[in-house]
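**Q** First, the structure itself, so that you have it in front of you.
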Amino acid sequence: MKNFKSLNKEQKITPSSNIKQIITAIVASTAVIALSGIAFETAMAENFWEEDVWTLDDRGFLYYPSEKENQKFISPDLKSLPSVLALSAERTRRLELAIMEPTPENIRSYLEANYFVQEKSALFADQWRRVLWQNPEFDFTTRNPAANFAQVQMKSDKKEQDAAALNFLSQDWGLVYFYRNDCQFCQLQSPLVRKLSDELGFEVIAISMDGISSDLFPESLPDNGIGSLLTNGAGVNQVPALFMVNRDQTESYLVSSGVVALDDILNRIVLLATKDPGDSLFGGNELKDTAMGFDASKLLEKEPTLPISPFQNLGIEKLP
């Protein structure tokens, strides 16, 4: 008894220490079993297609591992991709992989796909121009030459033709100009609008949105509803704004909003008054062979009209 007690005292064997040892042993054995199972499954997955089904009792006849999980992805040959969509998807996949995992291999893989796409694009562009040269009916430059000397001559001719057209358009169209006296942009635009009246003969009705007339338009009127009339009830919310109204008052267009150069304003007036949507700026279908712009002679064929104000039926009268 003495020996046993002394032994028990030296080793300090207690019921709680026995339980801890048992739990530790169970955990260790469980881990060993789990690792063994993982190793077995890994080895089985790696050698599944090479194993002899007749020598393995644990292998099921109706079980096959997932090919997607066990086969390493191999980038396809770019030349074998059947469509632009497939090529774009492969290029995008390589790019995303290179961004998320920027290893030298992944970046090189993306560069390969990107270079291939550039080569395809260069080939397409070269072939495109060759075919276009042989089919001039599809080439816009045959009607609108890109050569600098031709552009200079065409712009000069167009300017003369537009000037001739504007002399007649000023008889059939009037302008309505909206501004505010405290608007900085209006102060820049107003002198250009005044030129339309003084130099080109357009009748201009100036509408002051704040009720204060300017030095350039001392006969300005307040907005008595014409803004709503010209915008189908929406009203004019942005100034400066310039509208054009025809003599019959059946058509009106917003020519410009904000600060716009005088040449651009004149081009828009001619375009809106003389061309239908879709017509070329150089003559449309009627002049597709010459592409020399608006034919002012058509206006010369019109019977002369009396200089009646385009605004006579709008209920707008200038102040005396």
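Residue numbering restarts at 1 in every chain; chains get A, B, ... in the order shown in the structure tokens, and ligands count up from 1 in that same order.
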Near A:Leu262, within 9 Å and counting only C-alpha atoms, which residues show up once chain neighbours fewer than 6 positions away are dropped, as a ChimeraX atom specification?

**A** /A:189,192-193,195-196

**Q** Take the selection from the previous step and output its residues with all heavy atoms, as a PDB file, in the first residue's frame.

**A**
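So selection-v5.pdb came out as:
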```
ATOM      1  N   GLN A 189     -23.833  85.946 -77.240  1.00  0.00           N
ATOM      2  CA  GLN A 189     -24.608  85.484 -78.389  1.00  0.00           C
ATOM      3  C   GLN A 189     -25.400  86.602 -79.053  1.00  0.00           C
ATOM      4  O   GLN A 189     -25.613  86.577 -80.271  1.00  0.00           O
ATOM      5  CB  GLN A 189     -25.553  84.365 -77.940  1.00  0.00           C
ATOM      6  CG  GLN A 189     -26.234  83.619 -79.066  1.00  0.00           C
ATOM      7  CD  GLN A 189     -25.282  82.721 -79.834  1.00  0.00           C
ATOM      8  OE1 GLN A 189     -24.157  82.487 -79.415  1.00  0.00           O
ATOM      9  NE2 GLN A 189     -25.729  82.222 -80.974  1.00  0.00           N
ATOM     10  N   LEU A 192     -24.197  88.277 -82.355  1.00  0.00           N
ATOM     11  CA  LEU A 192     -24.284  87.419 -83.538  1.00  0.00           C
ATOM     12  C   LEU A 192     -25.707  87.365 -84.068  1.00  0.00           C
ATOM     13  O   LEU A 192     -25.932  87.382 -85.291  1.00  0.00           O
ATOM     14  CB  LEU A 192     -23.796  86.012 -83.189  1.00  0.00           C
ATOM     15  CG  LEU A 192     -22.378  85.901 -82.604  1.00  0.00           C
ATOM     16  CD1 LEU A 192     -22.000  84.443 -82.385  1.00  0.00           C
ATOM     17  CD2 LEU A 192     -21.364  86.584 -83.515  1.00  0.00           C
ATOM     18  N   VAL A 193     -26.675  87.322 -83.162  1.00  0.00           N
ATOM     19  CA  VAL A 193     -28.074  87.313 -83.592  1.00  0.00           C
ATOM     20  C   VAL A 193     -28.428  88.643 -84.247  1.00  0.00           C
ATOM     21  O   VAL A 193     -29.193  88.695 -85.225  1.00  0.00           O
ATOM     22  CB  VAL A 193     -28.997  87.019 -82.392  1.00  0.00           C
ATOM     23  CG1 VAL A 193     -30.464  87.083 -82.808  1.00  0.00           C
ATOM     24  CG2 VAL A 193     -28.686  85.647 -81.798  1.00  0.00           C
ATOM     25  N   LYS A 195     -26.484  90.426 -86.046  1.00  0.00           N
ATOM     26  CA  LYS A 195     -25.958  90.399 -87.405  1.00  0.00           C
ATOM     27  C   LYS A 195     -26.919  89.718 -88.365  1.00  0.00           C
ATOM     28  O   LYS A 195     -26.996  90.079 -89.543  1.00  0.00           O
ATOM     29  CB  LYS A 195     -24.611  89.674 -87.432  1.00  0.00           C
ATOM     30  CG  LYS A 195     -23.456  90.487 -86.880  1.00  0.00           C
ATOM     31  CD  LYS A 195     -22.147  89.738 -87.072  1.00  0.00           C
ATOM     32  CE  LYS A 195     -20.973  90.587 -86.597  1.00  0.00           C
ATOM     33  NZ  LYS A 195     -19.671  89.883 -86.795  1.00  0.00           N
ATOM     34  N   LEU A 196     -27.639  88.710 -87.876  1.00  0.00           N
ATOM     35  CA  LEU A 196     -28.615  88.032 -88.731  1.00  0.00           C
ATOM     36  C   LEU A 196     -29.683  88.999 -89.222  1.00  0.00           C
ATOM     37  O   LEU A 196     -30.220  88.848 -90.325  1.00  0.00           O
ATOM     38  CB  LEU A 196     -29.259  86.874 -87.959  1.00  0.00           C
ATOM     39  CG  LEU A 196     -28.337  85.734 -87.540  1.00  0.00           C
ATOM     40  CD1 LEU A 196     -29.098  84.733 -86.679  1.00  0.00           C
ATOM     41  CD2 LEU A 196     -27.758  85.035 -88.768  1.00  0.00           C
TER      42      LEU A 196
END
```

**Q** Name all residues at most 12 Å from stretch 91-106 of chain A (count only C-alpha atoms; drop same-chain ones fewer than 5 positions away) and give them as a PyMOL selection string.

**A** chain A and resi 74-78+81+84-86+111-118

**Q** Hey, can you spit out that residue selection with all heavy atoms as a short mmCIF file (atom, residue, chain, number, x, y, z; two decimals), in the first residue's frame?

**A**
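So out01.cif came out as:
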```cif
data_model
loop_
_atom_site.label_atom_id
_atom_site.label_comp_id
_atom_site.auth_asym_id
_atom_site.auth_seq_id
_atom_site.Cartn_x
_atom_site.Cartn_y
_atom_site.Cartn_z
N ILE A 74 -6.87 23.53 -69.97
CA ILE A 74 -5.85 23.81 -70.96
C ILE A 74 -6.39 24.89 -71.91
O ILE A 74 -7.46 24.74 -72.48
CB ILE A 74 -5.46 22.56 -71.76
CG1 ILE A 74 -4.94 21.46 -70.80
CG2 ILE A 74 -4.41 22.89 -72.81
CD1 ILE A 74 -4.61 20.16 -71.49
N SER A 75 -5.66 26.00 -72.04
CA SER A 75 -6.09 27.07 -72.93
C SER A 75 -6.18 26.57 -74.37
O SER A 75 -5.26 25.90 -74.84
CB SER A 75 -5.12 28.26 -72.86
OG SER A 75 -5.11 28.80 -71.55
N PRO A 76 -7.26 26.88 -75.04
CA PRO A 76 -7.42 26.38 -76.42
C PRO A 76 -6.48 27.09 -77.39
O PRO A 76 -6.00 28.21 -77.12
CB PRO A 76 -8.89 26.71 -76.74
CG PRO A 76 -9.19 27.90 -75.88
CD PRO A 76 -8.41 27.70 -74.62
N ASP A 77 -6.25 26.46 -78.50
CA ASP A 77 -5.47 27.08 -79.56
C ASP A 77 -6.31 28.22 -80.16
O ASP A 77 -7.45 28.01 -80.58
CB ASP A 77 -5.14 26.04 -80.63
CG ASP A 77 -4.29 26.62 -81.75
OD1 ASP A 77 -3.85 27.79 -81.61
OD2 ASP A 77 -4.06 25.92 -82.75
N LEU A 78 -5.75 29.42 -80.17
CA LEU A 78 -6.51 30.58 -80.63
C LEU A 78 -6.98 30.43 -82.07
O LEU A 78 -8.06 30.90 -82.43
CB LEU A 78 -5.66 31.85 -80.48
CG LEU A 78 -5.28 32.21 -79.03
CD1 LEU A 78 -4.32 33.40 -79.03
CD2 LEU A 78 -6.51 32.52 -78.20
N LEU A 81 -10.46 28.62 -82.53
CA LEU A 81 -11.72 29.20 -82.05
C LEU A 81 -12.61 29.51 -83.24
O LEU A 81 -12.17 30.15 -84.21
CB LEU A 81 -11.44 30.45 -81.23
CG LEU A 81 -10.64 30.21 -79.94
CD1 LEU A 81 -10.31 31.53 -79.26
CD2 LEU A 81 -11.40 29.29 -79.00
N VAL A 84 -15.90 35.08 -83.52
CA VAL A 84 -15.42 36.28 -82.83
C VAL A 84 -15.84 36.25 -81.37
O VAL A 84 -15.10 36.67 -80.48
CB VAL A 84 -15.97 37.54 -83.52
CG1 VAL A 84 -15.60 38.80 -82.73
CG2 VAL A 84 -15.43 37.65 -84.94
N LEU A 85 -17.04 35.74 -81.12
CA LEU A 85 -17.54 35.66 -79.74
C LEU A 85 -16.65 34.75 -78.90
O LEU A 85 -16.31 35.07 -77.76
CB LEU A 85 -18.99 35.14 -79.75
CG LEU A 85 -19.68 35.09 -78.38
CD1 LEU A 85 -19.78 36.48 -77.79
CD2 LEU A 85 -21.07 34.47 -78.51
N ALA A 86 -16.27 33.60 -79.46
CA ALA A 86 -15.41 32.67 -78.74
C ALA A 86 -14.02 33.28 -78.51
O ALA A 86 -13.44 33.14 -77.42
CB ALA A 86 -15.29 31.36 -79.50
N LEU A 111 -1.11 38.31 -73.25
CA LEU A 111 -0.43 39.03 -74.33
C LEU A 111 -0.53 38.26 -75.66
O LEU A 111 -0.67 38.86 -76.73
CB LEU A 111 1.03 39.28 -73.97
CG LEU A 111 1.27 40.29 -72.84
CD1 LEU A 111 2.76 40.35 -72.50
CD2 LEU A 111 0.75 41.66 -73.21
N GLU A 112 -0.45 36.96 -75.57
CA GLU A 112 -0.57 36.14 -76.77
C GLU A 112 -1.95 36.32 -77.41
O GLU A 112 -2.07 36.51 -78.62
CB GLU A 112 -0.36 34.67 -76.41
CG GLU A 112 -0.53 33.72 -77.60
CD GLU A 112 -0.55 32.26 -77.19
OE1 GLU A 112 -0.75 31.98 -75.99
OE2 GLU A 112 -0.36 31.40 -78.07
N ALA A 113 -3.01 36.29 -76.58
CA ALA A 113 -4.36 36.46 -77.11
C ALA A 113 -4.57 37.87 -77.64
O ALA A 113 -5.20 38.07 -78.69
CB ALA A 113 -5.38 36.15 -76.02
N ASN A 114 -4.05 38.87 -76.94
CA ASN A 114 -4.22 40.25 -77.37
C ASN A 114 -3.50 40.51 -78.69
O ASN A 114 -4.02 41.19 -79.59
CB ASN A 114 -3.69 41.19 -76.29
CG ASN A 114 -4.07 42.63 -76.54
OD1 ASN A 114 -5.25 42.96 -76.63
ND2 ASN A 114 -3.09 43.50 -76.66
N TYR A 115 -2.32 39.96 -78.82
CA TYR A 115 -1.57 40.11 -80.07
C TYR A 115 -2.30 39.43 -81.23
O TYR A 115 -2.35 39.95 -82.35
CB TYR A 115 -0.17 39.51 -79.90
CG TYR A 115 0.69 39.60 -81.14
CD1 TYR A 115 1.34 40.79 -81.47
CD2 TYR A 115 0.86 38.50 -81.99
CE1 TYR A 115 2.13 40.88 -82.61
CE2 TYR A 115 1.64 38.58 -83.13
CZ TYR A 115 2.28 39.78 -83.43
OH TYR A 115 3.05 39.87 -84.55
N PHE A 116 -2.88 38.28 -80.95
CA PHE A 116 -3.62 37.55 -81.98
C PHE A 116 -4.81 38.39 -82.46
O PHE A 116 -5.10 38.46 -83.67
CB PHE A 116 -4.09 36.21 -81.43
CG PHE A 116 -4.79 35.34 -82.44
CD1 PHE A 116 -4.06 34.58 -83.34
CD2 PHE A 116 -6.18 35.28 -82.48
CE1 PHE A 116 -4.70 33.78 -84.27
CE2 PHE A 116 -6.83 34.48 -83.40
CZ PHE A 116 -6.08 33.72 -84.30
N VAL A 117 -5.52 39.03 -81.51
CA VAL A 117 -6.66 39.87 -81.88
C VAL A 117 -6.20 41.07 -82.70
O VAL A 117 -6.86 41.46 -83.68
CB VAL A 117 -7.41 40.34 -80.61
CG1 VAL A 117 -8.46 41.39 -80.95
CG2 VAL A 117 -8.07 39.16 -79.91
N GLN A 118 -5.08 41.67 -82.33
CA GLN A 118 -4.56 42.81 -83.09
C GLN A 118 -4.20 42.39 -84.52
O GLN A 118 -4.44 43.15 -85.48
CB GLN A 118 -3.35 43.38 -82.38
CG GLN A 118 -3.69 44.09 -81.07
CD GLN A 118 -2.46 44.59 -80.33
OE1 GLN A 118 -1.34 44.10 -80.57
NE2 GLN A 118 -2.63 45.55 -79.45
#
```

**Q** From the list A:Asp172, A:Glu203, A:Asp157, A:Asp215, which residue is nearest A:Ser190 when using only C-alpha atoms?

**A**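 Between A:Asp172, A:Glu203, A:Asp157, A:Asp215, the residue approaching A:Ser190 most closely is A:Asp215.
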
**Q** Write out as a PyMOL selection string which residues come within 10 Å of stretch 218-230 of chain A when counting only C-alpha atoms, dropping same-chain ones fewer than 2 positions away.

**A** chain A and resi 176-179+204-216+232-237+243-245+251-254+314-320

**Q** From a DSSP pass on the backbone, collect the residues of stretch 174-294 of chain A flagged as alpha helix (DSSP H) and hand them back as a ChimeraX atom specification.

**A** /A:184-198,226-230,262-274

**Q** Using DSSP secondary structure from the backbone, list all strand (DSSP E or B) positions within stretch 45-223 of chain A, as a list in words.

**A**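 After running DSSP on the backbone, stretch 45-223 of chain A has strand (DSSP E or B) at Trp173, Gly174, Leu175, Val176, Tyr177, Phe178, Tyr179, Val204, Ile205, Ala206, Ile207, Ser208, Leu221 and Pro222 of chain A.
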
**Q** Given the selection you just returned, output its residues as a file containing all heavy atoms, formatted as an mmCIF file, in the first residue's frame.

**A**
```cif
data_model
loop_
_atom_site.group_PDB
_atom_site.id
_atom_site.type_symbol
_atom_site.label_atom_id
_atom_site.label_comp_id
_atom_site.auth_asym_id
_atom_site.auth_seq_id
_atom_site.Cartn_x
_atom_site.Cartn_y
_atom_site.Cartn_z
ATOM 1 N N TRP A 173 -38.530 82.985 -93.572
ATOM 2 C CA TRP A 173 -38.348 82.538 -92.192
ATOM 3 C C TRP A 173 -38.008 83.726 -91.294
ATOM 4 O O TRP A 173 -37.281 84.633 -91.698
ATOM 5 C CB TRP A 173 -37.227 81.501 -92.087
ATOM 6 C CG TRP A 173 -37.537 80.206 -92.780
ATOM 7 C CD1 TRP A 173 -37.437 79.935 -94.110
ATOM 8 C CD2 TRP A 173 -38.028 79.017 -92.171
ATOM 9 N NE1 TRP A 173 -37.820 78.643 -94.385
ATOM 10 C CE2 TRP A 173 -38.188 78.045 -93.193
ATOM 11 C CE3 TRP A 173 -38.345 78.648 -90.864
ATOM 12 C CZ2 TRP A 173 -38.654 76.761 -92.954
ATOM 13 C CZ3 TRP A 173 -38.804 77.365 -90.610
ATOM 14 C CH2 TRP A 173 -38.955 76.436 -91.638
ATOM 15 N N GLY A 174 -38.558 83.697 -90.108
ATOM 16 C CA GLY A 174 -38.224 84.687 -89.090
ATOM 17 C C GLY A 174 -37.564 84.016 -87.904
ATOM 18 O O GLY A 174 -37.642 82.793 -87.736
ATOM 19 N N LEU A 175 -36.900 84.798 -87.066
ATOM 20 C CA LEU A 175 -36.158 84.275 -85.917
ATOM 21 C C LEU A 175 -36.727 84.835 -84.616
ATOM 22 O O LEU A 175 -37.107 86.014 -84.544
ATOM 23 C CB LEU A 175 -34.676 84.653 -86.026
ATOM 24 C CG LEU A 175 -33.959 84.205 -87.302
ATOM 25 C CD1 LEU A 175 -32.526 84.726 -87.307
ATOM 26 C CD2 LEU A 175 -33.989 82.695 -87.441
ATOM 27 N N VAL A 176 -36.807 83.972 -83.622
ATOM 28 C CA VAL A 176 -37.230 84.377 -82.280
ATOM 29 C C VAL A 176 -36.076 84.089 -81.331
ATOM 30 O O VAL A 176 -35.630 82.936 -81.224
ATOM 31 C CB VAL A 176 -38.500 83.620 -81.834
ATOM 32 C CG1 VAL A 176 -38.949 84.118 -80.460
ATOM 33 C CG2 VAL A 176 -39.621 83.805 -82.845
ATOM 34 N N TYR A 177 -35.621 85.143 -80.663
ATOM 35 C CA TYR A 177 -34.422 85.044 -79.826
ATOM 36 C C TYR A 177 -34.797 85.272 -78.363
ATOM 37 O O TYR A 177 -35.347 86.332 -78.010
ATOM 38 C CB TYR A 177 -33.391 86.073 -80.279
ATOM 39 C CG TYR A 177 -32.147 86.122 -79.431
ATOM 40 C CD1 TYR A 177 -31.361 84.992 -79.238
ATOM 41 C CD2 TYR A 177 -31.749 87.314 -78.823
ATOM 42 C CE1 TYR A 177 -30.213 85.035 -78.453
ATOM 43 C CE2 TYR A 177 -30.606 87.368 -78.050
ATOM 44 C CZ TYR A 177 -29.843 86.230 -77.860
ATOM 45 O OH TYR A 177 -28.707 86.285 -77.087
ATOM 46 N N PHE A 178 -34.515 84.285 -77.517
ATOM 47 C CA PHE A 178 -34.791 84.365 -76.089
ATOM 48 C C PHE A 178 -33.486 84.632 -75.343
ATOM 49 O O PHE A 178 -32.474 83.950 -75.584
ATOM 50 C CB PHE A 178 -35.419 83.059 -75.583
ATOM 51 C CG PHE A 178 -36.790 82.780 -76.146
ATOM 52 C CD1 PHE A 178 -36.938 82.164 -77.389
ATOM 53 C CD2 PHE A 178 -37.924 83.140 -75.448
ATOM 54 C CE1 PHE A 178 -38.189 81.903 -77.910
ATOM 55 C CE2 PHE A 178 -39.188 82.875 -75.964
ATOM 56 C CZ PHE A 178 -39.316 82.257 -77.199
ATOM 57 N N TYR A 179 -33.529 85.569 -74.419
ATOM 58 C CA TYR A 179 -32.319 85.890 -73.657
ATOM 59 C C TYR A 179 -32.714 86.470 -72.300
ATOM 60 O O TYR A 179 -33.883 86.786 -72.031
ATOM 61 C CB TYR A 179 -31.460 86.900 -74.433
ATOM 62 C CG TYR A 179 -32.020 88.306 -74.436
ATOM 63 C CD1 TYR A 179 -31.576 89.255 -73.520
ATOM 64 C CD2 TYR A 179 -33.008 88.681 -75.345
ATOM 65 C CE1 TYR A 179 -32.095 90.537 -73.503
ATOM 66 C CE2 TYR A 179 -33.522 89.954 -75.346
ATOM 67 C CZ TYR A 179 -33.064 90.888 -74.416
ATOM 68 O OH TYR A 179 -33.585 92.141 -74.395
ATOM 69 N N VAL A 204 -36.074 89.584 -86.643
ATOM 70 C CA VAL A 204 -35.779 88.976 -85.352
ATOM 71 C C VAL A 204 -36.699 89.556 -84.295
ATOM 72 O O VAL A 204 -36.785 90.784 -84.136
ATOM 73 C CB VAL A 204 -34.306 89.194 -84.940
ATOM 74 C CG1 VAL A 204 -34.048 88.597 -83.565
ATOM 75 C CG2 VAL A 204 -33.364 88.585 -85.975
ATOM 76 N N ILE A 205 -37.392 88.690 -83.598
ATOM 77 C CA ILE A 205 -38.172 89.077 -82.432
ATOM 78 C C ILE A 205 -37.378 88.659 -81.197
ATOM 79 O O ILE A 205 -37.092 87.480 -81.007
ATOM 80 C CB ILE A 205 -39.550 88.399 -82.414
ATOM 81 C CG1 ILE A 205 -40.385 88.847 -83.616
ATOM 82 C CG2 ILE A 205 -40.274 88.700 -81.117
ATOM 83 C CD1 ILE A 205 -40.740 90.301 -83.605
ATOM 84 N N ALA A 206 -36.988 89.631 -80.381
ATOM 85 C CA ALA A 206 -36.217 89.359 -79.172
ATOM 86 C C ALA A 206 -37.154 89.279 -77.977
ATOM 87 O O ALA A 206 -37.983 90.181 -77.765
ATOM 88 C CB ALA A 206 -35.168 90.444 -78.956
ATOM 89 N N ILE A 207 -37.029 88.211 -77.211
ATOM 90 C CA ILE A 207 -37.866 87.987 -76.034
ATOM 91 C C ILE A 207 -36.970 88.011 -74.798
ATOM 92 O O ILE A 207 -36.065 87.188 -74.656
ATOM 93 C CB ILE A 207 -38.602 86.637 -76.109
ATOM 94 C CG1 ILE A 207 -39.402 86.535 -77.415
ATOM 95 C CG2 ILE A 207 -39.499 86.459 -74.902
ATOM 96 C CD1 ILE A 207 -40.508 87.530 -77.549
ATOM 97 N N SER A 208 -37.222 88.965 -73.924
ATOM 98 C CA SER A 208 -36.456 89.073 -72.687
ATOM 99 C C SER A 208 -37.150 88.273 -71.599
ATOM 100 O O SER A 208 -38.295 88.568 -71.226
ATOM 101 C CB SER A 208 -36.332 90.538 -72.262
ATOM 102 O OG SER A 208 -35.686 90.640 -71.011
ATOM 103 N N LEU A 221 -39.465 92.127 -76.108
ATOM 104 C CA LEU A 221 -40.781 91.887 -75.533
ATOM 105 C C LEU A 221 -40.674 90.870 -74.405
ATOM 106 O O LEU A 221 -39.784 90.024 -74.405
ATOM 107 C CB LEU A 221 -41.735 91.349 -76.601
ATOM 108 C CG LEU A 221 -41.965 92.245 -77.826
ATOM 109 C CD1 LEU A 221 -42.834 91.508 -78.828
ATOM 110 C CD2 LEU A 221 -42.599 93.557 -77.417
ATOM 111 N N PRO A 222 -41.581 90.910 -73.456
ATOM 112 C CA PRO A 222 -41.632 89.840 -72.455
ATOM 113 C C PRO A 222 -42.230 88.587 -73.079
ATOM 114 O O PRO A 222 -42.887 88.647 -74.123
ATOM 115 C CB PRO A 222 -42.542 90.423 -71.373
ATOM 116 C CG PRO A 222 -43.424 91.381 -72.110
ATOM 117 C CD PRO A 222 -42.572 91.969 -73.209
#
```

**Q** Smallest atom-to-atom distance to A:Phe168: which of A:Pro240, A:Gly201, A:Pro277, A:Pro82, using only C-alpha atoms?

**A**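 Counting only C-alpha atoms, the residue closest to A:Phe168 is A:Gly201.
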